[in-house]
Amino acid sequence: MSTIRFLRTFLAVAHHGSFSEAAEQVALTQAAVSFQMRSLEAELGRELFDRSGRLAILNAAGRELLPEIKHLLDLYDRMRRPPTVPGELAGSVAVGSIVSCMGTLSKVVSGLKKVHPKLDVRILSGKASELAGKVEDGELDAAFLVEAGRKMASTRWTPLYEEELVVIAPRSARGADARQVLAANPFLRFDRTQRTGLQIDRLLRRLAVPLNEFLELNAIETLVELVRQEVGVTLLPLIHGSNWQQSPELRILRLPPDLGPMARAIGMLERREHARQGITAAICAGCATAFRGSVGPTAA
């Protein structure tokens, strides 16, 4: 089935925009990838890429074929699934997760695999924006991540829970409420290149509090640990399952209610049409149950 292999390589090139990077993903040489794409173009009777140096960007014909090729590969994967008895889950899926969901997802998948031994689930960790791109491009079947404002018609979003955005400060921090604490202490910011960081930045702009910014990190637990060490204060989502509210070293302060939405939404993103929807639905349902059981008290 050489054409099927060529179509999978086409998706890799379409995602990376480069024969060399696609070659790493599909475990081929760059020359082999180039040969496959030339052969595919000859078979389909049209050029699919605008080639410039090491780049290979989809042209209009390639972009037009992209959704059809994804659909064709999904149909083929569905045909290849092993026969199962009613209620049995079998086959391979790839699921992504942001760090804060990884523990729960791993436990749910481990439980499902004990009940369904023919199930093969590969879990990858990453940033929300990167995981969303991999779902859209077919590299992942689903991903647990932070909701984005922009929705793709080719994907389906299943909301699971929300995490309130709160100010986290050491017990020794000056200030009686969230605004005072933010204004009176060094501020530790979460990475603004990430969805959560952008949401926090918009919230801070609405707060209109002068900040003494000290550092910016892409690691929530590290920021909380720095707060425990009295380096400064931060504004973060109140992660489900965390023990921050029970920590004698921390103060968790709720933001003023006049700011509007003050929570980040967590859910599962998947393509609307893929061959493993029964498996991703089971994983999503298991995670929804687990997340409901881990909901703790809200901020003070």
# chains A, B, ... in the order shown; residues from 1 in each chain; ligands from 1
call {"tool": "residues_around", "arguments": {"residues": "Asn59 of chain A", "least_positions_apart": "5", "cutoff": "9 Å", "atoms": "only C-alpha atoms", "output": "list of chain:residue names"}}
result
A:Glu47, A:Leu48, A:Phe49, A:Asp50, A:Glu64
call {"tool": "residues_around", "arguments": {"residues": "Leu255 of chain A", "least_positions_apart": "6", "cutoff": "10 Å", "atoms": "only C-alpha atoms", "output": "list in words"}}
result
Glu164, Leu165, Val166, Val167, Asp177, Ala178, Arg179, Leu203, Leu207, Leu235, Met262, Ala299 and Ala300 of chain A
call {"tool": "closest_residue", "arguments": {"among": "A:Leu7, A:Ala288, A:Ile239, A:Leu182", "to": "Leu160 of chain A", "atoms": "only C-alpha atoms"}}
result
A:Ala288
call {"tool": "select_by_dssp", "arguments": {"residues": "segment 47-288 of chain A", "states": "strand (DSSP E)", "output": "PyMOL selection string"}}
result
chain A and resi 49-52+55-58+91-97+119-125+142-146+155-170+186-190+212-217+233-237+250-254+263-271
call {"tool": "closest_residue", "arguments": {"among": "A:Val233, A:Ala208, A:Ala32, A:Ala94", "to": "Val121 of chain A", "atoms": "only C-alpha atoms"}}
result
A:Ala94
